[in-house]
There are 2 protein chains.
Amino acid sequence: MQKRLGRQTVALERPPVILSHAAVGGKQEGDGPLADYFDHLCGDSFFGEKTWEKAESAMQKQALSSALEKASLSPEELDYILAGDLLNQCIGTSFGLRDFGIPFYGLYGACSTMGESLALASLLIAGGFAQKAGAMTSSHFCTAERQYRMPVPYGSQRTPTAQWTATASGCLILGSEGRGPKVTAVTCGKIVDKGVTDPNNMGAAMAPAAYDTLSAHFLASGTGPRDYDLVITGDLGVLGHEIVSDLFAQDGVDMTQNYQDCGMLLYDIQKQDMHAGASGCGCAASVLCGYLLRQMEAGHLKKILFAPTGALLSPTSSFQGESIPSICHAVVIEK
Amino acid sequence: MQKRLGRQTVALERPPVILSHAAVGGKQEGDGPLADYFDHLCGDSFFGEKTWEKAESAMQKQALSSALEKASLSPEELDYILAGDLLNQCIGTSFGLRDFGIPFYGLYGACSTMGESLALASLLIAGGFAQKAGAMTSSHFCTAERQYRMPVPYGSQRTPTAQWTATASGCLILGSEGRGPKVTAVTCGKIVDKGVTDPNNMGAAMAPAAYDTLSAHFLASGTGPRDYDLVITGDLGVLGHEIVSDLFAQDGVDMTQNYQDCGMLLYDIQKQDMHAGASGCGCAASVLCGYLLRQMEAGHLKKILFAPTGALLSPTSSFQGESIPSICHAVVIEK
C-alpha cells in the first residue's frame, strides 16, 4: 500500500495535494527580499495585541484563516491540524488555534516543525485517516529573545554566528485530492548531537542533523541533489549551510549547484545586518508557504526537497552544560 | 481501507498490537497503591544524575530500554518513536532519546501526550508507514515544580485543588503484528477552553476537554461507557473526575459504574496527602504502561477507553491573564 524505502523514508503512492498556503510576517520580513511573497505583513510587532506572545498567536490565526479562505474551506472542513512553535509549552499554537475547533495534534520539533507538521499531515492523509489536514508553525523575534536570550529592550550585542529569529508564520492545507503541488515522499529525522554547546551558533549545531537526514533520504530514494530543482534546509544560516556543503563534499556529493537554506533567503543579510541569517520555526514556514510554493505554482520550481532543521535545546539544558541535540525532517514536494 | 467514523475518530481495521510496555517511577510512586506494577522504582529523585532535568531524561531512557528489552528488540528495529514531556522545549525527551538513533517525531500535548503519542504511533502503523513504533512520555515532580510553580526547597503551601506531578515515565512498543492488547480506535481531541484561569485547578480546566472528546468518541463509535470495562481519563484528579461525571449526567449518560481517572489511582490520596490527586504526563503514562496493561494481560480488563487530558497553558500565559486551553486524546485498547 505504502512504499517504505528503508526505515526513515516513505514514498507516498497517493500523494496529498497542497490545496493552499499562506505566510504572515512582521516588519523585518517586509523589508527583506521575499516581502512580495507574504500574504500579510504587519509593521507592528504586537500585531494589535497587548503582548508579543499574543501577537504570535495572532499571526497563526491569520495564517490559518488565510489558508482556509484561499482553499474555500471552513474550519469545520479540516479533519486535523498539526502545529507547534518555539514558546514554552507551545502557547503560540494553543492560543492561536483555541477558537477554531479543529482536531489538533500538537508538535514540538523546534525549527524543524514545518517539516514535521507537513510530514505527519501528509502521512495522515496518505494513510486514509483524513481528507484535509493543516500544517502550521510560527516564531516571533521578541518572544524568542526574551525566552531564550535577553529581554529585547536590553539591547544585548549579538555574536557573528547568531541568527535572527523570524517574526513569521506559515500555514498550508493538504487534501487527498485537488490541484496543486504534491507531497510525494517523507523522511523522518533522528536526533543528532555532535557536541556543539554554543547556543549562539545554532547553524553549526544543526548542520550534522541536516546532513544525516538528507543523506538518509538520498540513499533510501536513490536520488541525489541533481534530482531536485532545489534542496533547501531550514534555518541553518550561512555557517550551517557551509558545513552541510562541506560534509557532502567529503562524500563526493556536490551541493554547490542547487542547495539553499531558508535562513539565507528571508533577509538581505548584509543590508539588514542579520549576521548568520534568519532562524525560528516561522522562517522555514514562511519561506515555504510564501516564496517556495509560489515559485512552484509559477513553474519556476518543479521538484524540491524541503528539510527544516531544529535545535532541541532549552536555556536550562545549556545552563546545565549540555550540548545541542538537533533534528531535521525532509519532505519532497513536486508539481 | 481505514474506517473513518466522523471527523475525529478512526477505527483501525488492522489494529496495531502493544508488544511491550514499561513504567518507571520515583519514591512517591513506590509508596503508592500501584507500586507493584512498576518495572523500576528509584528512591533517589535525581536517578543518579546531577540535575532533576537529567533525571527525567534518565527515566525516559530506562522506560524505553526496558520496553525494548521486554519485546526483544534493539533500538535499530524501531521505525519511529513519538514522545514528548512537560519541560520547556521538551528536553526530557530530546536528551532522553539522544543516544538511541531512532527516527523521532516530537510531540507537545501536555498531560495528554501519552494519548497523543499512542494515537499517532498507532496511525503510522495502521497506515502501513511503520512496522514497529514506540510511544513515550514522562514528568518529574521537581522539574515541574520549579518550572511551573516555585522551587521545591521553598516549600510553598498547595491549594486543596492542586495535584501532585508524578515522577514517572511510561513507554510502550507497538507492532503491526504479534501478541498483545490491540489499539482498535483513536479519537483526536479539539482544544476546549471554558474560561478557567486558576493554574492550581487543572482538573476543572481540563474536564470539559475530556467530556468533549469522550462525547465525540461515544457518538462516532456508537458506544457508551457500558461498552468498556473501564473508561479512564488522564490526570483530572478528584475534582475533574467529578465534573466529567456531572457533565455526562446532564446528558443522561451514567458514568458512575466504570469511569476512573489515572490521577486518582497512582497515589493513596488521603494517606500520601495528595490533595486532588496525581498529574503530569508521567501519571497517565505509568498508569497505562504499568497497572492497566498488566490488568489487561491478566484478563481483568478486556476493553478500555484511555483518554489522557492536557492543559495547554504556560506560566507566561497565566501571568498575562489567559484562561487554560485543554485537550484530550482517546484511544481504545482491546485484548
# chains A, B, ... in the order shown; residues from 1 in each chain; ligands from 1

$ interface_residues --of "chain B" --to "chain A" --cutoff "6 Å" --atoms "only C-alpha atoms" --output "ChimeraX atom specification"
/B:2,7,79,88-89,98,101-104,106-109,127-128,188-191,314

$ write_last_selection --atoms "N, CA, C and O atoms" --output "JSON list (two decimals), in the first residue's frame"
[["chain", "number", "residue", "atom", "x", "y", "z"],
["B", 2, "GLN", "N", -9.19, 2.50, 5.71],
["B", 2, "GLN", "CA", -9.42, 2.81, 7.11],
["B", 2, "GLN", "C", -10.89, 3.16, 7.25],
["B", 2, "GLN", "O", -11.51, 3.66, 6.32],
["B", 7, "ARG", "N", -15.38, 12.93, 11.96],
["B", 7, "ARG", "CA", -14.21, 13.76, 11.74],
["B", 7, "ARG", "C", -13.03, 13.40, 12.66],
["B", 7, "ARG", "O", -11.88, 13.50, 12.29],
["B", 79, "ASP", "N", 10.98, 1.61, 14.04],
["B", 79, "ASP", "CA", 10.93, 2.51, 12.88],
["B", 79, "ASP", "C", 10.76, 3.97, 13.31],
["B", 79, "ASP", "O", 11.29, 4.88, 12.67],
["B", 88, "ASN", "N", 10.10, 22.83, 29.32],
["B", 88, "ASN", "CA", 10.31, 23.78, 28.25],
["B", 88, "ASN", "C", 11.15, 23.12, 27.16],
["B", 88, "ASN", "O", 12.20, 22.54, 27.44],
["B", 89, "GLN", "N", 10.66, 23.24, 25.91],
["B", 89, "GLN", "CA", 11.32, 22.66, 24.75],
["B", 89, "GLN", "C", 11.48, 21.14, 24.87],
["B", 89, "GLN", "O", 12.30, 20.54, 24.17],
["B", 98, "ARG", "N", 18.38, 11.01, 22.82],
["B", 98, "ARG", "CA", 19.54, 11.42, 22.01],
["B", 98, "ARG", "C", 20.42, 10.27, 21.55],
["B", 98, "ARG", "O", 20.89, 10.25, 20.42],
["B", 101, "GLY", "N", 19.22, 6.83, 18.43],
["B", 101, "GLY", "CA", 19.24, 6.82, 16.97],
["B", 101, "GLY", "C", 17.95, 6.32, 16.32],
["B", 101, "GLY", "O", 17.98, 5.68, 15.27],
["B", 102, "ILE", "N", 16.81, 6.62, 16.94],
["B", 102, "ILE", "CA", 15.52, 6.17, 16.40],
["B", 102, "ILE", "C", 14.83, 7.36, 15.71],
["B", 102, "ILE", "O", 14.76, 8.44, 16.31],
["B", 103, "PRO", "N", 14.33, 7.20, 14.48],
["B", 103, "PRO", "CA", 13.57, 8.29, 13.86],
["B", 103, "PRO", "C", 12.47, 8.80, 14.81],
["B", 103, "PRO", "O", 11.73, 7.98, 15.39],
["B", 104, "PHE", "N", 12.39, 10.11, 14.96],
["B", 104, "PHE", "CA", 11.66, 10.68, 16.10],
["B", 104, "PHE", "C", 10.75, 11.82, 15.66],
["B", 104, "PHE", "O", 11.18, 12.75, 14.99],
["B", 106, "GLY", "N", 8.65, 14.60, 17.58],
["B", 106, "GLY", "CA", 8.45, 15.20, 18.91],
["B", 106, "GLY", "C", 7.05, 15.78, 19.05],
["B", 106, "GLY", "O", 6.54, 16.41, 18.13],
["B", 107, "LEU", "N", 6.45, 15.55, 20.21],
["B", 107, "LEU", "CA", 5.07, 15.99, 20.44],
["B", 107, "LEU", "C", 5.00, 16.94, 21.62],
["B", 107, "LEU", "O", 5.79, 16.85, 22.55],
["B", 108, "TYR", "N", 4.02, 17.85, 21.58],
["B", 108, "TYR", "CA", 3.65, 18.55, 22.81],
["B", 108, "TYR", "C", 2.14, 18.50, 22.99],
["B", 108, "TYR", "O", 1.40, 19.11, 22.22],
["B", 109, "GLY", "N", 1.71, 17.76, 23.97],
["B", 109, "GLY", "CA", 0.29, 17.66, 24.27],
["B", 109, "GLY", "C", 0.04, 17.79, 25.75],
["B", 109, "GLY", "O", -0.99, 17.37, 26.25],
["B", 127, "GLY", "N", -1.43, 2.75, 9.01],
["B", 127, "GLY", "CA", -1.34, 3.30, 7.66],
["B", 127, "GLY", "C", -0.29, 2.62, 6.80],
["B", 127, "GLY", "O", -0.15, 2.95, 5.62],
["B", 128, "GLY", "N", 0.47, 1.71, 7.38],
["B", 128, "GLY", "CA", 1.48, 0.99, 6.61],
["B", 128, "GLY", "C", 2.82, 1.72, 6.53],
["B", 128, "GLY", "O", 3.66, 1.38, 5.72],
["B", 188, "CYS", "N", -9.11, 11.92, 18.03],
["B", 188, "CYS", "CA", -8.25, 13.10, 18.21],
["B", 188, "CYS", "C", -9.07, 14.23, 18.84],
["B", 188, "CYS", "O", -10.18, 14.52, 18.39],
["B", 189, "GLY", "N", -8.54, 14.85, 19.85],
["B", 189, "GLY", "CA", -9.26, 15.91, 20.55],
["B", 189, "GLY", "C", -9.14, 17.27, 19.89],
["B", 189, "GLY", "O", -8.25, 17.52, 19.07],
["B", 190, "LYS", "N", -10.08, 18.15, 20.26],
["B", 190, "LYS", "CA", -10.03, 19.57, 19.88],
["B", 190, "LYS", "C", -9.67, 20.38, 21.13],
["B", 190, "LYS", "O", -9.93, 19.94, 22.25],
["B", 191, "ILE", "N", -9.13, 21.56, 20.93],
["B", 191, "ILE", "CA", -8.85, 22.43, 22.08],
["B", 191, "ILE", "C", -10.18, 22.96, 22.63],
["B", 191, "ILE", "O", -11.02, 23.44, 21.87],
["B", 314, "SER", "N", 0.95, 27.98, 29.85],
["B", 314, "SER", "CA", 2.31, 28.14, 30.35],
["B", 314, "SER", "C", 2.25, 29.16, 31.48],
["B", 314, "SER", "O", 1.27, 29.90, 31.59]]

$ residues_around --residues "segment 291-294 of chain B" --least-positions-apart "5" --cutoff "8 Å" --atoms "only C-alpha atoms" --output "mmCIF file with N, CA, C and O atoms, in the first residue's frame"
data_model
loop_
_atom_site.group_PDB
_atom_site.id
_atom_site.type_symbol
_atom_site.label_atom_id
_atom_site.label_comp_id
_atom_site.auth_asym_id
_atom_site.auth_seq_id
_atom_site.Cartn_x
_atom_site.Cartn_y
_atom_site.Cartn_z
ATOM 1 N N HIS B 21 5.587 -2.975 27.188
ATOM 2 C CA HIS B 21 5.365 -1.705 27.876
ATOM 3 C C HIS B 21 6.182 -1.704 29.161
ATOM 4 O O HIS B 21 6.456 -2.770 29.723
ATOM 5 N N LEU B 34 -0.037 1.487 43.390
ATOM 6 C CA LEU B 34 0.304 0.815 42.127
ATOM 7 C C LEU B 34 1.777 0.413 42.057
ATOM 8 O O LEU B 34 2.278 0.031 40.994
ATOM 9 N N TYR B 37 3.205 -2.537 40.112
ATOM 10 C CA TYR B 37 3.052 -2.591 38.652
ATOM 11 C C TYR B 37 4.165 -1.850 37.914
ATOM 12 O O TYR B 37 4.187 -1.827 36.694
ATOM 13 N N PHE B 38 5.065 -1.199 38.659
ATOM 14 C CA PHE B 38 6.187 -0.510 38.010
ATOM 15 C C PHE B 38 7.314 -1.503 37.707
ATOM 16 O O PHE B 38 7.549 -2.440 38.467
ATOM 17 N N PRO B 181 -2.422 -6.748 23.679
ATOM 18 C CA PRO B 181 -3.616 -5.913 23.518
ATOM 19 C C PRO B 181 -3.490 -5.078 22.239
ATOM 20 O O PRO B 181 -2.380 -4.727 21.837
ATOM 21 N N SER B 286 2.452 6.116 33.164
ATOM 22 C CA SER B 286 2.877 4.992 34.004
ATOM 23 C C SER B 286 1.685 4.155 34.467
ATOM 24 O O SER B 286 1.811 2.941 34.642
ATOM 25 N N LEU B 301 -9.211 -6.878 32.570
ATOM 26 C CA LEU B 301 -9.827 -5.846 31.730
ATOM 27 C C LEU B 301 -9.724 -6.321 30.279
ATOM 28 O O LEU B 301 -8.662 -6.767 29.852
#

$ residues_around --residues "segment 59-62 of chain B" --least-positions-apart "6" --cutoff "8 Å" --atoms "only C-alpha atoms" --output "list of chain:residue names"
B:Val24, B:Gly25, B:Phe47, B:Gly92, B:Thr93, B:Gly96, B:Leu97, B:Met136, B:Thr137, B:Ser138, B:Ala168, B:Ser169, B:Gly170, B:Cys171

$ write_last_selection --atoms "all heavy atoms" --output "short mmCIF file (atom, residue, chain, number, x, y, z; two decimals), in the first residue's frame"
data_model
loop_
_atom_site.label_atom_id
_atom_site.label_comp_id
_atom_site.auth_asym_id
_atom_site.auth_seq_id
_atom_site.Cartn_x
_atom_site.Cartn_y
_atom_site.Cartn_z
N VAL B 24 8.36 3.47 34.81
CA VAL B 24 9.42 3.84 35.75
C VAL B 24 8.85 4.89 36.70
O VAL B 24 8.13 5.79 36.26
CB VAL B 24 10.63 4.41 34.97
CG1 VAL B 24 11.71 4.92 35.92
CG2 VAL B 24 11.21 3.36 34.03
N GLY B 25 9.17 4.80 37.99
CA GLY B 25 8.64 5.77 38.94
C GLY B 25 9.63 6.15 40.02
O GLY B 25 10.71 5.55 40.12
N PHE B 47 17.79 10.16 40.24
CA PHE B 47 18.02 8.95 39.43
C PHE B 47 19.50 8.83 39.05
O PHE B 47 19.85 8.50 37.91
CB PHE B 47 17.14 8.99 38.15
CG PHE B 47 15.69 8.65 38.42
CD1 PHE B 47 14.86 9.56 39.06
CD2 PHE B 47 15.18 7.41 38.07
CE1 PHE B 47 13.53 9.24 39.33
CE2 PHE B 47 13.85 7.09 38.34
CZ PHE B 47 13.02 8.01 38.97
N GLY B 92 13.31 16.78 28.38
CA GLY B 92 13.29 15.44 28.98
C GLY B 92 13.38 14.39 27.87
O GLY B 92 14.10 13.39 27.98
N THR B 93 12.65 14.63 26.81
CA THR B 93 12.58 13.71 25.69
C THR B 93 13.81 13.79 24.78
O THR B 93 14.40 12.77 24.43
CB THR B 93 11.31 14.00 24.86
OG1 THR B 93 10.18 13.88 25.72
CG2 THR B 93 11.17 13.05 23.70
N GLY B 96 16.70 12.42 26.55
CA GLY B 96 16.46 11.00 26.83
C GLY B 96 16.66 10.13 25.60
O GLY B 96 17.18 9.03 25.68
N LEU B 97 16.24 10.64 24.44
CA LEU B 97 16.29 9.84 23.21
C LEU B 97 17.57 10.01 22.42
O LEU B 97 17.81 9.29 21.45
CB LEU B 97 15.11 10.23 22.30
CG LEU B 97 13.74 9.73 22.73
CD1 LEU B 97 12.67 10.27 21.79
CD2 LEU B 97 13.72 8.20 22.72
N MET B 136 5.96 7.32 24.11
CA MET B 136 6.56 7.51 25.44
C MET B 136 6.32 8.92 25.95
O MET B 136 6.20 9.87 25.18
CB MET B 136 8.06 7.24 25.35
CG MET B 136 8.81 7.43 26.66
SD MET B 136 10.49 6.72 26.61
CE MET B 136 11.27 7.82 25.44
N THR B 137 6.30 9.06 27.26
CA THR B 137 6.32 10.39 27.88
C THR B 137 6.78 10.27 29.33
O THR B 137 6.97 9.17 29.83
CB THR B 137 4.97 11.11 27.75
OG1 THR B 137 5.08 12.41 28.32
CG2 THR B 137 3.87 10.36 28.46
N SER B 138 6.98 11.42 29.97
CA SER B 138 7.46 11.45 31.35
C SER B 138 7.08 12.75 32.02
O SER B 138 6.73 13.73 31.35
CB SER B 138 9.00 11.34 31.38
OG SER B 138 9.56 12.51 30.80
N ALA B 168 7.52 10.03 36.96
CA ALA B 168 7.31 8.74 36.32
C ALA B 168 7.44 8.85 34.81
O ALA B 168 7.34 9.94 34.24
CB ALA B 168 5.91 8.20 36.65
N SER B 169 7.69 7.73 34.19
CA SER B 169 7.72 7.65 32.73
C SER B 169 7.08 6.35 32.30
O SER B 169 7.17 5.34 33.00
CB SER B 169 9.17 7.72 32.23
OG SER B 169 9.22 7.53 30.83
N GLY B 170 6.42 6.37 31.16
CA GLY B 170 5.85 5.16 30.60
C GLY B 170 6.20 5.07 29.13
O GLY B 170 6.23 6.09 28.43
N CYS B 171 6.48 3.88 28.67
CA CYS B 171 6.82 3.67 27.26
C CYS B 171 6.17 2.39 26.78
O CYS B 171 6.14 1.41 27.52
CB CYS B 171 8.34 3.57 27.10
SG CYS B 171 8.88 3.23 25.40
#

$ select_by_dssp --residues "segment 5-49 of chain B" --states "strand (DSSP E or B)" --output "ChimeraX atom specification"
/B:5,9-11,17-25,40-41

$ closest_residue --among "B:Ala67, B:Val253, B:Val183, B:Met202" --to "Gly115 of chain B" --atoms "only C-alpha atoms"
B:Val183

$ closest_residue --among "A:Val331, A:Leu172, A:Ile269, A:Ala207" --to "Ser245 of chain A" --atoms "only C-alpha atoms"
A:Ala207

$ select_by_dssp --residues "segment 92-142 of chain B" --states "helix (DSSP H, G or I)" --output "JSON, numbers by chain"
{"B": [92, 93, 94, 95, 96, 97, 110, 111, 112, 113, 114, 115, 116, 117, 118, 119, 120, 121, 122, 123, 124, 125, 126, 141, 142]}

$ closest_residue --among "B:Ala55, B:Lys132, B:Gly43, B:Ile333" --to "Gly178 of chain B" --atoms "only C-alpha atoms"
B:Lys132

$ residues_around --residues "Cys262 of chain B" --least-positions-apart "5" --cutoff "6 Å" --atoms "only C-alpha atoms" --output "NGL selection string"
:B and (234-235 or 284)

$ closest_residue --among "B:Leu174, B:Ala209, B:Ala135, B:Leu247" --to "Leu73 of chain B" --atoms "only C-alpha atoms"
B:Leu174

$ atom_distance --atom1 "atom CA of Ala63 of chain B" --atom2 "atom CA of Asp261 of chain B"
22.2 Å

$ residues_around --residues "Ala71 of chain A" --least-positions-apart "4" --cutoff "8 Å" --atoms "only C-alpha atoms" --output "PyMOL selection string"
chain A and resi 19-20+67+173

$ write_last_selection --atoms "N, CA and C atoms" --output "short mmCIF file (atom, residue, chain, number, x, y, z; two decimals), in the first residue's frame"
data_model
loop_
_atom_site.label_atom_id
_atom_site.label_comp_id
_atom_site.auth_asym_id
_atom_site.auth_seq_id
_atom_site.Cartn_x
_atom_site.Cartn_y
_atom_site.Cartn_z
N LEU A 19 -3.37 22.26 -1.15
CA LEU A 19 -4.51 22.99 -1.72
C LEU A 19 -4.34 24.49 -1.59
N SER A 20 -3.70 24.92 -0.51
CA SER A 20 -3.50 26.36 -0.31
C SER A 20 -2.40 26.57 0.71
N ALA A 67 -5.14 30.69 4.80
CA ALA A 67 -5.00 29.43 4.06
C ALA A 67 -6.37 28.78 3.85
N ILE A 173 -2.63 23.91 3.70
CA ILE A 173 -3.73 22.95 3.80
C ILE A 173 -3.49 21.85 2.77
#

$ decode --residues "segment 14-38 of chain B" --atoms "N, CA and C atoms" --output "PDB file, in the first residue's frame"
ATOM      1  N   ARG B  14      -6.865  -2.891  10.773  1.00  0.00           N
ATOM      2  CA  ARG B  14      -5.732  -3.794  11.068  1.00  0.00           C
ATOM      3  C   ARG B  14      -5.033  -3.225  12.292  1.00  0.00           C
ATOM      4  N   PRO B  15      -5.614  -3.481  13.463  1.00  0.00           N
ATOM      5  CA  PRO B  15      -5.162  -2.776  14.671  1.00  0.00           C
ATOM      6  C   PRO B  15      -3.735  -3.134  15.097  1.00  0.00           C
ATOM      7  N   PRO B  16      -2.926  -2.141  15.416  1.00  0.00           N
ATOM      8  CA  PRO B  16      -1.578  -2.393  15.934  1.00  0.00           C
ATOM      9  C   PRO B  16      -1.638  -3.093  17.299  1.00  0.00           C
ATOM     10  N   VAL B  17      -0.593  -3.834  17.579  1.00  0.00           N
ATOM     11  CA  VAL B  17      -0.509  -4.634  18.802  1.00  0.00           C
ATOM     12  C   VAL B  17       0.486  -3.990  19.767  1.00  0.00           C
ATOM     13  N   ILE B  18       0.139  -3.939  21.031  1.00  0.00           N
ATOM     14  CA  ILE B  18       1.086  -3.463  22.034  1.00  0.00           C
ATOM     15  C   ILE B  18       1.995  -4.629  22.411  1.00  0.00           C
ATOM     16  N   LEU B  19       3.214  -4.605  21.888  1.00  0.00           N
ATOM     17  CA  LEU B  19       4.148  -5.722  22.056  1.00  0.00           C
ATOM     18  C   LEU B  19       4.782  -5.734  23.430  1.00  0.00           C
ATOM     19  N   SER B  20       5.008  -4.552  23.991  1.00  0.00           N
ATOM     20  CA  SER B  20       5.606  -4.481  25.318  1.00  0.00           C
ATOM     21  C   SER B  20       5.354  -3.108  25.898  1.00  0.00           C
ATOM     22  N   HIS B  21       5.587  -2.975  27.188  1.00  0.00           N
ATOM     23  CA  HIS B  21       5.365  -1.705  27.876  1.00  0.00           C
ATOM     24  C   HIS B  21       6.182  -1.704  29.161  1.00  0.00           C
ATOM     25  N   ALA B  22       6.579  -0.510  29.585  1.00  0.00           N
ATOM     26  CA  ALA B  22       7.376  -0.407  30.810  1.00  0.00           C
ATOM     27  C   ALA B  22       7.057   0.895  31.520  1.00  0.00           C
ATOM     28  N   ALA B  23       7.082   0.849  32.843  1.00  0.00           N
ATOM     29  CA  ALA B  23       6.814   2.025  33.661  1.00  0.00           C
ATOM     30  C   ALA B  23       7.934   2.219  34.670  1.00  0.00           C
ATOM     31  N   VAL B  24       8.357   3.473  34.813  1.00  0.00           N
ATOM     32  CA  VAL B  24       9.421   3.839  35.753  1.00  0.00           C
ATOM     33  C   VAL B  24       8.852   4.895  36.700  1.00  0.00           C
ATOM     34  N   GLY B  25       9.171   4.803  37.989  1.00  0.00           N
ATOM     35  CA  GLY B  25       8.640   5.774  38.943  1.00  0.00           C
ATOM     36  C   GLY B  25       9.635   6.148  40.017  1.00  0.00           C
ATOM     37  N   GLY B  26       9.267   7.138  40.815  1.00  0.00           N
ATOM     38  CA  GLY B  26      10.110   7.623  41.903  1.00  0.00           C
ATOM     39  C   GLY B  26       9.610   7.152  43.262  1.00  0.00           C
ATOM     40  N   LYS B  27       9.993   7.913  44.301  1.00  0.00           N
ATOM     41  CA  LYS B  27       9.708   7.478  45.663  1.00  0.00           C
ATOM     42  C   LYS B  27       8.213   7.454  45.974  1.00  0.00           C
ATOM     43  N   GLN B  28       7.516   8.561  45.673  1.00  0.00           N
ATOM     44  CA  GLN B  28       6.091   8.640  45.987  1.00  0.00           C
ATOM     45  C   GLN B  28       5.305   7.562  45.244  1.00  0.00           C
ATOM     46  N   GLU B  29       5.731   7.288  44.013  1.00  0.00           N
ATOM     47  CA  GLU B  29       5.047   6.281  43.214  1.00  0.00           C
ATOM     48  C   GLU B  29       5.272   4.891  43.831  1.00  0.00           C
ATOM     49  N   GLY B  30       6.454   4.722  44.413  1.00  0.00           N
ATOM     50  CA  GLY B  30       6.764   3.463  45.085  1.00  0.00           C
ATOM     51  C   GLY B  30       6.023   3.297  46.403  1.00  0.00           C
ATOM     52  N   ASP B  31       5.588   4.421  46.970  1.00  0.00           N
ATOM     53  CA  ASP B  31       4.805   4.356  48.210  1.00  0.00           C
ATOM     54  C   ASP B  31       3.306   4.226  47.935  1.00  0.00           C
ATOM     55  N   GLY B  32       2.922   4.321  46.672  1.00  0.00           N
ATOM     56  CA  GLY B  32       1.502   4.312  46.322  1.00  0.00           C
ATOM     57  C   GLY B  32       0.962   2.914  46.064  1.00  0.00           C
ATOM     58  N   PRO B  33      -0.351   2.832  45.816  1.00  0.00           N
ATOM     59  CA  PRO B  33      -1.011   1.524  45.661  1.00  0.00           C
ATOM     60  C   PRO B  33      -0.644   0.781  44.374  1.00  0.00           C
ATOM     61  N   LEU B  34      -0.037   1.487  43.390  1.00  0.00           N
ATOM     62  CA  LEU B  34       0.304   0.815  42.127  1.00  0.00           C
ATOM     63  C   LEU B  34       1.777   0.413  42.057  1.00  0.00           C
ATOM     64  N   ALA B  35       2.466   0.506  43.201  1.00  0.00           N
ATOM     65  CA  ALA B  35       3.917   0.259  43.226  1.00  0.00           C
ATOM     66  C   ALA B  35       4.305  -1.052  42.542  1.00  0.00           C
ATOM     67  N   ASP B  36       3.522  -2.098  42.783  1.00  0.00           N
ATOM     68  CA  ASP B  36       3.882  -3.424  42.257  1.00  0.00           C
ATOM     69  C   ASP B  36       3.849  -3.498  40.737  1.00  0.00           C
ATOM     70  N   TYR B  37       3.205  -2.537  40.112  1.00  0.00           N
ATOM     71  CA  TYR B  37       3.052  -2.591  38.652  1.00  0.00           C
ATOM     72  C   TYR B  37       4.165  -1.850  37.914  1.00  0.00           C
ATOM     73  N   PHE B  38       5.065  -1.199  38.659  1.00  0.00           N
ATOM     74  CA  PHE B  38       6.187  -0.510  38.010  1.00  0.00           C
ATOM     75  C   PHE B  38       7.314  -1.503  37.707  1.00  0.00           C
TER      76      PHE B  38
END
